[in-house]
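J.: My structure is below; once you've seen it, I'll send some questions.
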2 protein chains.
Amino acid sequence: MTDTKVHLLDGGTLVIDGFHAFWNRGPAGEVRFPCYSVLIEHADGRYIFDTGYDFDHVMRVLPFEKPIQEKSQTLPGQLAKLGLKTGDINYVINSHYHFDHCGGNKYFGEACTLCHAKELEASGNCQPFEHLGYSDMSFAPALAAKRGLKLPPDPLLDMYTPKFETVTGDQEIAKGLWLFETPGHTAGHYSLLVELRNRRPMLFTADACYSKKNLDMMCISSFHLDPTASLASMKRLKALAE
Amino acid sequence: MTDTKVHLLDGGTLVIDGFHAFWNRGPAGEVRFPCYSVLIEHADGRYIFDTGYDFDHVMRVLPFEKPIQEKSQTLPGQLAKLGLKTGDINYVINSHYHFDHCGGNKYFGEACTLCHAKELEASGNCQPFEHLGYSDMSFAPALAAKRGLKLPPDPLLDMYTPKFETVTGDQEIAKGLWLFETPGHTAGHYSLLVELRNRRPMLFTADACYSKKNLDMMCISSFHLDPTASLASMKRLKALAE
C-alpha cells in the first residue's frame, strides 16, 4: 500500500463582504478568499474533495463576487500540473452543493460522486434565501431539471450523467478518510479528515468554518440554514482539530 | 364598552448596519431606526406592547448602536403626554425579550406581563450569538440571577417583581386583541393585531418584519435564531396584512 498523499488545488478567488464572512460582526468591506479543492491520492483510488466554482456561472449569476480564475486554476489545469487527467479521478466528494464547491463536478463524468443524503435532497428543494448558493446545478442535471433550471449549453454536460452515492452519519469512507457531519451552513455539510503516515491528520472544514479567525471568534458565517447547528458544528471542528 | 384606542409611543432611535437590517443583502452603512411601544386602551384595561430600550443599558453594553432618546421618549415621559402614569397600565405584552423591546418593563411593577412561553424560556437560556440581543434582563430579575447576570443598581428594580403569564399558540387575549406566533427572529416571537371599530385592524409585527422594504423584498433581518422559521413568519404576516 502506498502512502496517502494530499494536494491542495488552487481554484482562483471570489469576493464576499466582511458581514458575510463574520455573521453580524463584519466589519463591512470586500474580503477576497481562495477557493480550493483537495486531491487525495489513496491506495483505494484518487479522491477530489470539492470542485470549486465555474467562472462562467459566477459571471452569469453572481458577477458581484468578482471571480478571478486563470485557465490553469480550473481542475483540468490543476490536475495537468500533476501529470493527471480528469479521467484519473475515481471519486468526487462534495462538502456541500453551493456553487463554489461543485462547479467543477462536470469534469468528472467517470467518477463516483459522494455526498450527504440530506445535502443532495436540499440542493433540489432549497429555501428561498439559499437560491444563490444552490444556483449552479450543473453537478446534477436531473435535479436541475426537477427544479426547472435550464442549464446553459456546455459540451461537457452533454455526456455527463453523474453516479451519486449518498452517505449519512460520520463515515470512514476509505482507510483513514473520514467524513464528519458538520451541518448548519447547509442541511448536509460534511467536513473531511485525512489520516497521514508520519504526520498529524489534516482536517478540511470547507464552509463549516471559513477561517482561523472564524474559529478563534467562534463566529459562523452569515450564509447559513441553521445558525444553532452551524455553531455546534464549529465547536465540533474545534474539538476535532485539538 | 368604549372603543379600543391605539397610541404609538416614541422610544427614540438606534443604529444598526444595513447588513443587519437586510440579511446578506445590505448594502452596508448605518441605518437609524425608531423604537416604539404601542399603548392600547381597551375595555378590559390598558395594554403596552413592547417597552423599547433603556438608554443606560445601551450605552453600557451596546454603545455602537448610538442611542438617541430624550427623557420625553421614555415610557413615563410618553405616558405623561397622554395624562397617564405607569401605574395606569394593566398589562405589558412583549413581542420578545431583546433589549430594545423590554427595556422599559421595569416601570410596570403593577402590571401583568404576557409573553410566549418559549420566549421566556429562551431569554434565560439563549444561544451564544443571542447574548447581545438578550443582554437586558432587568425585565426578569429572577431569570437574570439564574443566568448569573448582575443587574446594575436601579431604584426601580428594588421593588420590581414582575408577574408573568405565558401564552402559546395564536390567542385572542382580549376581544379584538390577537397575538400571532411569528417565531424565527427569536424562539417565541409574537406579533399583535388590534381590531378597531370603523377602520381596518392594525398589525404590529415588531421584529418579525422590520420594515415595508423587508416585506417587499421578502428579506428577513440578519438577527435571527432560525431563518427558515423567520421567513415563514414574514410570509404569514404578509398574508395577515392582506
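Chain labels run A, B, ... following the order of the C-alpha cells; each chain numbers its residues from 1, and ligands are numbered from 1 in the order shown.
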Residues near Ala142 (chain A), anyone? I mean within 12 Å using only C-alpha atoms, not counting same-chain ones fewer than 2 positions away, as a PDB file with all heavy atoms, in the first residue's frame.
T.:
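Output saved as around_5.pdb:
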ATOM      1  N   LEU A 120     -27.946  16.378  -0.928  1.00  0.00           N
ATOM      2  CA  LEU A 120     -28.460  16.186  -2.284  1.00  0.00           C
ATOM      3  C   LEU A 120     -29.937  16.564  -2.315  1.00  0.00           C
ATOM      4  O   LEU A 120     -30.399  17.264  -3.225  1.00  0.00           O
ATOM      5  CB  LEU A 120     -28.265  14.727  -2.719  1.00  0.00           C
ATOM      6  CG  LEU A 120     -28.471  14.431  -4.204  1.00  0.00           C
ATOM      7  CD1 LEU A 120     -27.496  15.213  -5.066  1.00  0.00           C
ATOM      8  CD2 LEU A 120     -28.327  12.934  -4.483  1.00  0.00           C
ATOM      9  N   SER A 123     -30.368  20.425  -2.048  1.00  0.00           N
ATOM     10  CA  SER A 123     -29.998  21.192  -3.251  1.00  0.00           C
ATOM     11  C   SER A 123     -31.126  21.180  -4.281  1.00  0.00           C
ATOM     12  O   SER A 123     -31.224  22.081  -5.101  1.00  0.00           O
ATOM     13  CB  SER A 123     -28.717  20.626  -3.868  1.00  0.00           C
ATOM     14  OG  SER A 123     -28.962  19.346  -4.429  1.00  0.00           O
ATOM     15  N   GLY A 124     -31.962  20.170  -4.193  1.00  0.00           N
ATOM     16  CA  GLY A 124     -33.089  20.092  -5.119  1.00  0.00           C
ATOM     17  C   GLY A 124     -34.355  20.732  -4.569  1.00  0.00           C
ATOM     18  O   GLY A 124     -35.377  20.787  -5.266  1.00  0.00           O
ATOM     19  N   MET A 137     -26.450  24.153 -10.679  1.00  0.00           N
ATOM     20  CA  MET A 137     -26.950  22.778 -10.555  1.00  0.00           C
ATOM     21  C   MET A 137     -26.386  21.868 -11.651  1.00  0.00           C
ATOM     22  O   MET A 137     -26.902  20.775 -11.875  1.00  0.00           O
ATOM     23  CB  MET A 137     -28.481  22.773 -10.579  1.00  0.00           C
ATOM     24  CG  MET A 137     -29.119  23.440  -9.365  1.00  0.00           C
ATOM     25  SD  MET A 137     -28.735  22.595  -7.791  1.00  0.00           S
ATOM     26  CE  MET A 137     -29.689  21.071  -7.970  1.00  0.00           C
ATOM     27  N   SER A 138     -25.305  22.319 -12.312  1.00  0.00           N
ATOM     28  CA  SER A 138     -24.734  21.500 -13.387  1.00  0.00           C
ATOM     29  C   SER A 138     -24.174  20.181 -12.855  1.00  0.00           C
ATOM     30  O   SER A 138     -24.003  19.232 -13.614  1.00  0.00           O
ATOM     31  CB  SER A 138     -23.635  22.279 -14.119  1.00  0.00           C
ATOM     32  OG  SER A 138     -22.569  22.576 -13.235  1.00  0.00           O
ATOM     33  N   PHE A 139     -23.954  20.110 -11.544  1.00  0.00           N
ATOM     34  CA  PHE A 139     -23.427  18.855 -10.972  1.00  0.00           C
ATOM     35  C   PHE A 139     -24.456  17.737 -11.001  1.00  0.00           C
ATOM     36  O   PHE A 139     -24.120  16.571 -10.827  1.00  0.00           O
ATOM     37  CB  PHE A 139     -22.958  19.088  -9.524  1.00  0.00           C
ATOM     38  CG  PHE A 139     -24.078  19.227  -8.530  1.00  0.00           C
ATOM     39  CD1 PHE A 139     -24.548  18.131  -7.830  1.00  0.00           C
ATOM     40  CD2 PHE A 139     -24.676  20.457  -8.312  1.00  0.00           C
ATOM     41  CE1 PHE A 139     -25.592  18.244  -6.925  1.00  0.00           C
ATOM     42  CE2 PHE A 139     -25.725  20.589  -7.403  1.00  0.00           C
ATOM     43  CZ  PHE A 139     -26.178  19.476  -6.707  1.00  0.00           C
ATOM     44  N   ALA A 140     -25.729  18.113 -11.217  1.00  0.00           N
ATOM     45  CA  ALA A 140     -26.809  17.118 -11.183  1.00  0.00           C
ATOM     46  C   ALA A 140     -27.895  17.531 -12.178  1.00  0.00           C
ATOM     47  O   ALA A 140     -28.930  18.064 -11.777  1.00  0.00           O
ATOM     48  CB  ALA A 140     -27.378  17.007  -9.772  1.00  0.00           C
ATOM     49  N   ALA A 144     -31.464  19.544 -11.608  1.00  0.00           N
ATOM     50  CA  ALA A 144     -31.680  20.870 -12.188  1.00  0.00           C
ATOM     51  C   ALA A 144     -33.001  20.897 -12.945  1.00  0.00           C
ATOM     52  O   ALA A 144     -33.801  21.835 -12.806  1.00  0.00           O
ATOM     53  CB  ALA A 144     -30.523  21.240 -13.123  1.00  0.00           C
ATOM     54  N   ALA A 145     -33.246  19.847 -13.712  1.00  0.00           N
ATOM     55  CA  ALA A 145     -34.493  19.758 -14.484  1.00  0.00           C
ATOM     56  C   ALA A 145     -35.691  19.731 -13.542  1.00  0.00           C
ATOM     57  O   ALA A 145     -36.701  20.395 -13.777  1.00  0.00           O
ATOM     58  CB  ALA A 145     -34.466  18.519 -15.375  1.00  0.00           C
ATOM     59  N   LYS A 146     -35.547  19.004 -12.442  1.00  0.00           N
ATOM     60  CA  LYS A 146     -36.632  18.908 -11.457  1.00  0.00           C
ATOM     61  C   LYS A 146     -36.933  20.276 -10.856  1.00  0.00           C
ATOM     62  O   LYS A 146     -38.084  20.598 -10.560  1.00  0.00           O
ATOM     63  CB  LYS A 146     -36.230  17.913 -10.349  1.00  0.00           C
ATOM     64  CG  LYS A 146     -37.398  17.196  -9.684  1.00  0.00           C
ATOM     65  CD  LYS A 146     -36.926  16.296  -8.553  1.00  0.00           C
ATOM     66  CE  LYS A 146     -37.415  16.824  -7.203  1.00  0.00           C
ATOM     67  NZ  LYS A 146     -36.717  16.227  -6.048  1.00  0.00           N
ATOM     68  N   ARG A 147     -35.887  21.087 -10.660  1.00  0.00           N
ATOM     69  CA  ARG A 147     -36.091  22.438 -10.121  1.00  0.00           C
ATOM     70  C   ARG A 147     -36.501  23.428 -11.199  1.00  0.00           C
ATOM     71  O   ARG A 147     -36.697  24.618 -10.923  1.00  0.00           O
ATOM     72  CB  ARG A 147     -34.802  22.944  -9.448  1.00  0.00           C
ATOM     73  CG  ARG A 147     -34.762  22.694  -7.949  1.00  0.00           C
ATOM     74  CD  ARG A 147     -33.483  23.198  -7.314  1.00  0.00           C
ATOM     75  NE  ARG A 147     -33.310  24.644  -7.379  1.00  0.00           N
ATOM     76  CZ  ARG A 147     -32.190  25.283  -7.015  1.00  0.00           C
ATOM     77  NH1 ARG A 147     -31.159  24.593  -6.557  1.00  0.00           N
ATOM     78  NH2 ARG A 147     -32.099  26.592  -7.102  1.00  0.00           N
ATOM     79  N   GLY A 148     -36.575  22.944 -12.455  1.00  0.00           N
ATOM     80  CA  GLY A 148     -36.974  23.845 -13.537  1.00  0.00           C
ATOM     81  C   GLY A 148     -35.862  24.775 -13.969  1.00  0.00           C
ATOM     82  O   GLY A 148     -36.112  25.808 -14.597  1.00  0.00           O
ATOM     83  N   LEU A 149     -34.625  24.440 -13.620  1.00  0.00           N
ATOM     84  CA  LEU A 149     -33.488  25.269 -14.022  1.00  0.00           C
ATOM     85  C   LEU A 149     -32.937  24.760 -15.349  1.00  0.00           C
ATOM     86  O   LEU A 149     -32.645  23.586 -15.496  1.00  0.00           O
ATOM     87  CB  LEU A 149     -32.377  25.210 -12.969  1.00  0.00           C
ATOM     88  CG  LEU A 149     -32.690  25.804 -11.595  1.00  0.00           C
ATOM     89  CD1 LEU A 149     -31.525  25.559 -10.635  1.00  0.00           C
ATOM     90  CD2 LEU A 149     -32.964  27.301 -11.712  1.00  0.00           C
ATOM     91  N   LYS A 150     -32.806  25.687 -16.290  1.00  0.00           N
ATOM     92  CA  LYS A 150     -32.236  25.316 -17.594  1.00  0.00           C
ATOM     93  C   LYS A 150     -30.729  25.550 -17.514  1.00  0.00           C
ATOM     94  O   LYS A 150     -30.286  26.641 -17.168  1.00  0.00           O
ATOM     95  CB  LYS A 150     -32.872  26.205 -18.677  1.00  0.00           C
ATOM     96  CG  LYS A 150     -32.902  25.565 -20.058  1.00  0.00           C
ATOM     97  CD  LYS A 150     -33.792  26.367 -21.000  1.00  0.00           C
ATOM     98  CE  LYS A 150     -33.201  26.542 -22.389  1.00  0.00           C
ATOM     99  NZ  LYS A 150     -32.552  25.411 -22.998  1.00  0.00           N
ATOM    100  N   LEU A 151     -29.966  24.528 -17.786  1.00  0.00           N
ATOM    101  CA  LEU A 151     -28.511  24.688 -17.765  1.00  0.00           C
ATOM    102  C   LEU A 151     -28.044  25.289 -19.080  1.00  0.00           C
ATOM    103  O   LEU A 151     -28.583  24.953 -20.142  1.00  0.00           O
ATOM    104  CB  LEU A 151     -27.837  23.339 -17.536  1.00  0.00           C
ATOM    105  CG  LEU A 151     -28.182  22.639 -16.212  1.00  0.00           C
ATOM    106  CD1 LEU A 151     -27.495  21.285 -16.128  1.00  0.00           C
ATOM    107  CD2 LEU A 151     -27.774  23.510 -15.030  1.00  0.00           C
ATOM    108  N   LEU A 157     -21.526  18.906 -20.510  1.00  0.00           N
ATOM    109  CA  LEU A 157     -22.754  18.415 -19.880  1.00  0.00           C
ATOM    110  C   LEU A 157     -23.510  17.432 -20.765  1.00  0.00           C
ATOM    111  O   LEU A 157     -24.326  16.662 -20.277  1.00  0.00           O
ATOM    112  CB  LEU A 157     -23.660  19.592 -19.501  1.00  0.00           C
ATOM    113  CG  LEU A 157     -23.161  20.456 -18.338  1.00  0.00           C
ATOM    114  CD1 LEU A 157     -24.134  21.600 -18.065  1.00  0.00           C
ATOM    115  CD2 LEU A 157     -22.971  19.617 -17.082  1.00  0.00           C
ATOM    116  N   TYR A 160     -22.597  14.114 -19.504  1.00  0.00           N
ATOM    117  CA  TYR A 160     -22.380  13.999 -18.051  1.00  0.00           C
ATOM    118  C   TYR A 160     -23.602  13.432 -17.353  1.00  0.00           C
ATOM    119  O   TYR A 160     -24.664  14.043 -17.318  1.00  0.00           O
ATOM    120  CB  TYR A 160     -22.055  15.394 -17.503  1.00  0.00           C
ATOM    121  CG  TYR A 160     -21.894  15.473 -16.016  1.00  0.00           C
ATOM    122  CD1 TYR A 160     -20.856  14.815 -15.354  1.00  0.00           C
ATOM    123  CD2 TYR A 160     -22.777  16.234 -15.253  1.00  0.00           C
ATOM    124  CE1 TYR A 160     -20.708  14.917 -13.984  1.00  0.00           C
ATOM    125  CE2 TYR A 160     -22.637  16.341 -13.881  1.00  0.00           C
ATOM    126  CZ  TYR A 160     -21.598  15.679 -13.257  1.00  0.00           C
ATOM    127  OH  TYR A 160     -21.458  15.777 -11.906  1.00  0.00           O
ATOM    128  N   THR A 161     -23.473  12.229 -16.844  1.00  0.00           N
ATOM    129  CA  THR A 161     -24.555  11.634 -16.037  1.00  0.00           C
ATOM    130  C   THR A 161     -23.926  11.072 -14.773  1.00  0.00           C
ATOM    131  O   THR A 161     -23.484   9.924 -14.737  1.00  0.00           O
ATOM    132  CB  THR A 161     -25.266  10.490 -16.802  1.00  0.00           C
ATOM    133  OG1 THR A 161     -24.259   9.639 -17.371  1.00  0.00           O
ATOM    134  CG2 THR A 161     -26.155  11.026 -17.894  1.00  0.00           C
ATOM    135  N   PRO A 162     -23.863  11.908 -13.739  1.00  0.00           N
ATOM    136  CA  PRO A 162     -23.114  11.524 -12.533  1.00  0.00           C
ATOM    137  C   PRO A 162     -23.748  10.354 -11.793  1.00  0.00           C
ATOM    138  O   PRO A 162     -24.962  10.185 -11.797  1.00  0.00           O
ATOM    139  CB  PRO A 162     -23.174  12.795 -11.677  1.00  0.00           C
ATOM    140  CG  PRO A 162     -24.386  13.518 -12.144  1.00  0.00           C
ATOM    141  CD  PRO A 162     -24.510  13.225 -13.603  1.00  0.00           C
ATOM    142  N   LYS A 163     -22.879   9.577 -11.186  1.00  0.00           N
ATOM    143  CA  LYS A 163     -23.329   8.481 -10.312  1.00  0.00           C
ATOM    144  C   LYS A 163     -23.168   8.955  -8.868  1.00  0.00           C
ATOM    145  O   LYS A 163     -22.056   9.177  -8.408  1.00  0.00           O
ATOM    146  CB  LYS A 163     -22.457   7.239 -10.529  1.00  0.00           C
ATOM    147  CG  LYS A 163     -22.549   6.634 -11.908  1.00  0.00           C
ATOM    148  CD  LYS A 163     -21.553   5.499 -12.105  1.00  0.00           C
ATOM    149  CE  LYS A 163     -20.111   5.976 -12.296  1.00  0.00           C
ATOM    150  NZ  LYS A 163     -19.885   6.773 -13.512  1.00  0.00           N
ATOM    151  N   PHE A 164     -24.294   9.122  -8.182  1.00  0.00           N
ATOM    152  CA  PHE A 164     -24.237   9.584  -6.795  1.00  0.00           C
ATOM    153  C   PHE A 164     -24.258   8.411  -5.830  1.00  0.00           C
ATOM    154  O   PHE A 164     -24.969   7.422  -6.059  1.00  0.00           O
ATOM    155  CB  PHE A 164     -25.435  10.490  -6.474  1.00  0.00           C
ATOM    156  CG  PHE A 164     -25.352  11.831  -7.131  1.00  0.00           C
ATOM    157  CD1 PHE A 164     -26.017  12.087  -8.322  1.00  0.00           C
ATOM    158  CD2 PHE A 164     -24.578  12.832  -6.565  1.00  0.00           C
ATOM    159  CE1 PHE A 164     -25.925  13.324  -8.935  1.00  0.00           C
ATOM    160  CE2 PHE A 164     -24.483  14.079  -7.170  1.00  0.00           C
ATOM    161  CZ  PHE A 164     -25.164  14.331  -8.356  1.00  0.00           C
TER     162      PHE A 164
END
J.: Would you give me, as number ranges by chain, the residues of chain B that come within 7 Å of chain A, using only C-alpha atoms?
T.: B: 19-20, 24, 28, 222, 225-227
J.: Which one of A:Ile89, A:Ile68, A:Ala187, A:Met159 sits closest to Ala122 (chain A) if you count only C-alpha atoms?
T.: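 Counting only C-alpha atoms, the residue closest to Ala122 (chain A) is A:Ala187.
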J.: If we count only C-alpha atoms and set the cut-off at 9 Å, which residues sit around region 46-49 of chain A, ignoring sequence neighbours fewer than 4 positions away in its own chain? Please answer as a list in words.
T.: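 Non-adjacent residues within range: Ser37, Val38, Leu39, Ile40, Glu41, His42, Asp88, Ile89, Asn90, Tyr91, Val92, Ile93, Asn94, Ser95, His101, Ala111, Leu192 and Phe204 of chain A.
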J.: Taking only region 29-146 of chain B into account, list the residues labelled strand (DSSP E or B) by DSSP (computed from the backbone), as a list in words.
T.: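 Everything in region 29-146 of chain B that counts as strand (DSSP E or B) is Glu30, Val31, Arg32, Phe33, Pro34, Cys35, Tyr36, Ser37, Val38, Leu39, Ile40, Glu41, His42, Gly45, Arg46, Tyr47, Ile48, Phe49, Ile68, Tyr91, Val92, Ile93, Cys112, Thr113, Leu114, Cys115 and His116 of chain B.
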J.: Report the residues of region 73-171 of chain B whose backbone DSSP state falls under helix (DSSP H, G or I), written as JSON, numbers by chain.
T.: {"B": [73, 75, 76, 77, 78, 79, 80, 81, 86, 87, 88, 99, 100, 101, 102, 105, 106, 107, 117, 118, 119, 120, 121, 122, 123, 128, 129, 130, 141, 142, 143, 144, 145, 146, 155, 156, 157, 158]}
J.: Kindly export the residues of the current selection with N, CA, C and O atoms, as a compact mmCIF listing (two decimals), in the first residue's frame.
T.:
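File result.txt, as written:
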# COMPACT_ATOMS: atom_id res chain seq x y z
N GLN B 73 -38.88 60.65 25.74
CA GLN B 73 -39.07 59.43 24.95
C GLN B 73 -38.96 58.16 25.78
O GLN B 73 -38.95 57.07 25.24
N LEU B 75 -40.88 55.71 28.61
CA LEU B 75 -42.31 55.41 28.74
C LEU B 75 -43.02 56.31 29.74
O LEU B 75 -44.14 56.78 29.45
N PRO B 76 -42.40 56.63 30.89
CA PRO B 76 -43.09 57.60 31.77
C PRO B 76 -43.32 58.93 31.05
O PRO B 76 -44.38 59.54 31.20
N GLY B 77 -42.33 59.35 30.26
CA GLY B 77 -42.46 60.61 29.53
C GLY B 77 -43.57 60.57 28.49
O GLY B 77 -44.36 61.51 28.35
N GLN B 78 -43.64 59.47 27.76
CA GLN B 78 -44.65 59.34 26.72
C GLN B 78 -46.06 59.24 27.32
O GLN B 78 -47.01 59.83 26.81
N LEU B 79 -46.16 58.47 28.42
CA LEU B 79 -47.48 58.31 29.04
C LEU B 79 -47.95 59.64 29.64
O LEU B 79 -49.15 59.96 29.57
N ALA B 80 -47.00 60.41 30.18
CA ALA B 80 -47.37 61.70 30.78
C ALA B 80 -48.03 62.61 29.74
O ALA B 80 -48.96 63.36 30.06
N LYS B 81 -47.56 62.52 28.51
CA LYS B 81 -48.15 63.34 27.45
C LYS B 81 -49.62 63.01 27.24
O LYS B 81 -50.38 63.81 26.68
N THR B 86 -47.39 55.35 34.84
CA THR B 86 -47.04 53.94 34.57
C THR B 86 -47.97 52.99 35.34
O THR B 86 -48.28 51.91 34.86
N GLY B 87 -48.43 53.44 36.50
CA GLY B 87 -49.33 52.59 37.30
C GLY B 87 -50.70 52.40 36.67
O GLY B 87 -51.48 51.55 37.12
N ASP B 88 -50.98 53.17 35.63
CA ASP B 88 -52.28 53.03 34.95
C ASP B 88 -52.30 51.87 33.94
O ASP B 88 -53.33 51.58 33.34
N PHE B 99 -33.27 43.39 24.04
CA PHE B 99 -33.12 44.57 24.91
C PHE B 99 -33.92 45.78 24.45
O PHE B 99 -34.30 46.62 25.26
N ASP B 100 -34.17 45.86 23.13
CA ASP B 100 -34.86 47.05 22.63
C ASP B 100 -36.38 46.86 22.60
O ASP B 100 -37.10 47.66 21.99
N HIS B 101 -36.85 45.82 23.28
CA HIS B 101 -38.30 45.57 23.36
C HIS B 101 -38.77 45.38 24.80
O HIS B 101 -39.98 45.26 25.02
N CYS B 102 -37.84 45.34 25.73
CA CYS B 102 -38.23 45.09 27.13
C CYS B 102 -37.53 46.04 28.11
O CYS B 102 -37.67 45.88 29.32
N ASN B 105 -39.78 47.56 30.79
CA ASN B 105 -40.67 46.71 31.60
C ASN B 105 -40.62 47.08 33.09
O ASN B 105 -41.63 47.02 33.79
N LYS B 106 -39.43 47.47 33.52
CA LYS B 106 -39.23 47.74 34.96
C LYS B 106 -40.12 48.87 35.48
O LYS B 106 -40.32 48.99 36.68
N TYR B 107 -40.65 49.69 34.58
CA TYR B 107 -41.55 50.76 35.02
C TYR B 107 -42.91 50.23 35.46
O TYR B 107 -43.70 50.95 36.07
N ALA B 117 -44.45 31.45 26.04
CA ALA B 117 -43.74 30.59 26.98
C ALA B 117 -42.33 30.28 26.48
O ALA B 117 -41.36 30.28 27.26
N LYS B 118 -42.19 30.05 25.16
CA LYS B 118 -40.87 29.73 24.62
C LYS B 118 -39.90 30.90 24.72
O LYS B 118 -38.69 30.72 24.80
N GLU B 119 -40.46 32.11 24.65
CA GLU B 119 -39.61 33.29 24.67
C GLU B 119 -39.01 33.51 26.05
O GLU B 119 -37.82 33.82 26.19
N LEU B 120 -39.83 33.33 27.05
CA LEU B 120 -39.34 33.50 28.42
C LEU B 120 -38.25 32.46 28.69
O LEU B 120 -37.19 32.78 29.24
N GLU B 121 -38.49 31.25 28.23
CA GLU B 121 -37.52 30.17 28.42
C GLU B 121 -36.21 30.50 27.67
O GLU B 121 -35.12 30.38 28.22
N ALA B 122 -36.35 30.96 26.42
CA ALA B 122 -35.17 31.24 25.58
C ALA B 122 -34.33 32.37 26.17
O ALA B 122 -33.09 32.34 26.10
N SER B 123 -35.00 33.36 26.73
CA SER B 123 -34.24 34.51 27.25
C SER B 123 -33.37 34.09 28.43
O SER B 123 -32.36 34.74 28.72
N PRO B 128 -25.25 31.42 22.13
CA PRO B 128 -24.15 32.40 22.28
C PRO B 128 -24.33 33.61 21.36
O PRO B 128 -24.04 34.74 21.77
N PHE B 129 -24.81 33.40 20.14
CA PHE B 129 -24.95 34.54 19.22
C PHE B 129 -26.17 35.41 19.56
O PHE B 129 -26.40 36.42 18.88
N GLU B 130 -26.91 35.05 20.60
CA GLU B 130 -28.05 35.86 21.03
C GLU B 130 -27.75 36.66 22.30
O GLU B 130 -28.64 37.35 22.81
N PRO B 141 -35.71 39.95 36.91
CA PRO B 141 -34.54 39.84 37.80
C PRO B 141 -34.23 38.41 38.24
O PRO B 141 -33.05 38.05 38.37
N ALA B 142 -35.26 37.59 38.42
CA ALA B 142 -35.02 36.22 38.86
C ALA B 142 -34.28 35.43 37.78
O ALA B 142 -33.37 34.65 38.05
N LEU B 143 -34.67 35.67 36.52
CA LEU B 143 -34.04 34.99 35.38
C LEU B 143 -32.61 35.50 35.19
O LEU B 143 -31.70 34.74 34.84
N ALA B 144 -32.42 36.80 35.41
CA ALA B 144 -31.07 37.38 35.31
C ALA B 144 -30.14 36.69 36.31
O ALA B 144 -29.01 36.32 35.97
N ALA B 145 -30.65 36.49 37.52
CA ALA B 145 -29.84 35.83 38.55
C ALA B 145 -29.51 34.41 38.13
O ALA B 145 -28.38 33.94 38.29
N LYS B 146 -30.48 33.73 37.53
CA LYS B 146 -30.26 32.36 37.07
C LYS B 146 -29.17 32.31 36.00
O LYS B 146 -28.40 31.36 35.91
N PRO B 155 -33.01 52.08 41.45
CA PRO B 155 -34.06 52.12 42.48
C PRO B 155 -35.35 51.44 42.01
O PRO B 155 -36.04 50.80 42.81
N LEU B 156 -35.64 51.54 40.71
CA LEU B 156 -36.86 50.92 40.19
C LEU B 156 -36.86 49.41 40.42
O LEU B 156 -37.90 48.81 40.71
N LEU B 157 -35.67 48.81 40.24
CA LEU B 157 -35.59 47.35 40.31
C LEU B 157 -35.73 46.83 41.73
O LEU B 157 -36.06 45.66 41.94
N ASP B 158 -35.49 47.70 42.72
CA ASP B 158 -35.58 47.26 44.11
C ASP B 158 -36.98 46.75 44.46
O ASP B 158 -37.14 45.88 45.30
J.: List the spatial neighbours of Leu196 (chain A) as a PyMOL selection string - criterion: any atom at most 10 Å away, only C-alpha atoms, same-chain residues fewer than 2 positions off excluded.
T.: chain A and resi 3-6+176-177+193-194+198-202
J.: Which residue out of B:Ala232, B:Ala43, B:Val167, B:Ala241 has the minimum interatomic distance to Gly184 (chain B) when only C-alpha atoms are used?
T.: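 Among B:Ala232, B:Ala43, B:Val167, B:Ala241, it is B:Ala232 that comes nearest to Gly184 (chain B).
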J.: My list of candidates is B:His96, B:Phe33, B:Leu8, B:Cys115. Which is closest to Leu82 (chain B) when distances are computed with only C-alpha atoms?
T.: B:Leu8
J.: Env of Pro34 (chain B): 10 Å cut, atoms = only C-alpha atoms, seq-sep filter 5 positions within chain, self excluded. Answer as number ranges by chain.
T.: B: 10-15, 52, 68
J.: Please write the residues from the selection above to a file, keeping N, CA and C atoms, as a PDB file, in the first residue's frame.
T.:
ATOM      1  N   ASP B  10     -43.286  56.957  21.186  1.00  0.00           N
ATOM      2  CA  ASP B  10     -41.946  57.139  20.626  1.00  0.00           C
ATOM      3  C   ASP B  10     -40.894  56.837  21.682  1.00  0.00           C
ATOM      4  N   GLY B  11     -40.011  55.884  21.373  1.00  0.00           N
ATOM      5  CA  GLY B  11     -38.990  55.488  22.337  1.00  0.00           C
ATOM      6  C   GLY B  11     -37.578  55.843  21.913  1.00  0.00           C
ATOM      7  N   GLY B  12     -37.442  56.754  20.959  1.00  0.00           N
ATOM      8  CA  GLY B  12     -36.107  57.129  20.496  1.00  0.00           C
ATOM      9  C   GLY B  12     -35.654  56.258  19.341  1.00  0.00           C
ATOM     10  N   THR B  13     -34.372  56.333  19.040  1.00  0.00           N
ATOM     11  CA  THR B  13     -33.843  55.613  17.876  1.00  0.00           C
ATOM     12  C   THR B  13     -32.541  54.895  18.231  1.00  0.00           C
ATOM     13  N   LEU B  14     -32.189  53.937  17.390  1.00  0.00           N
ATOM     14  CA  LEU B  14     -30.925  53.199  17.492  1.00  0.00           C
ATOM     15  C   LEU B  14     -30.339  53.053  16.090  1.00  0.00           C
ATOM     16  N   VAL B  15     -29.107  52.611  16.030  1.00  0.00           N
ATOM     17  CA  VAL B  15     -28.436  52.400  14.745  1.00  0.00           C
ATOM     18  C   VAL B  15     -28.024  50.937  14.599  1.00  0.00           C
ATOM     19  N   GLY B  52     -39.529  49.189  24.469  1.00  0.00           N
ATOM     20  CA  GLY B  52     -38.357  49.921  23.985  1.00  0.00           C
ATOM     21  C   GLY B  52     -37.072  49.574  24.706  1.00  0.00           C
ATOM     22  N   ILE B  68     -30.327  57.480  20.653  1.00  0.00           N
ATOM     23  CA  ILE B  68     -30.779  58.870  20.835  1.00  0.00           C
ATOM     24  C   ILE B  68     -32.162  58.793  21.464  1.00  0.00           C
TER      25      ILE B  68
END
J.: A:Ile173, A:Leu215, A:Leu179, A:Leu9: which is nearest Ser72 (chain A), counting only C-alpha atoms?
T.: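 Residue with the minimum atom-to-atom distance to Ser72 (chain A): A:Leu9.
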J.: How many Å separate CA of Ser221 (chain B) from CA of Thr186 (chain B)?
T.: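 The value is 11.3 Å.
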J.: Could you state the separation of CA of His116 (chain A) and CA of Tyr53 (chain A) in Å, given to one decimal place?
T.: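 These two atoms are separated by 19.5 Å.
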J.: Provide the CA of His185 (chain B) to CA of Ala229 (chain B) distance in Å, to one decimal place.
T.: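 Between CA of His185 (chain B) and CA of Ala229 (chain B) the gap is 8.0 Å.
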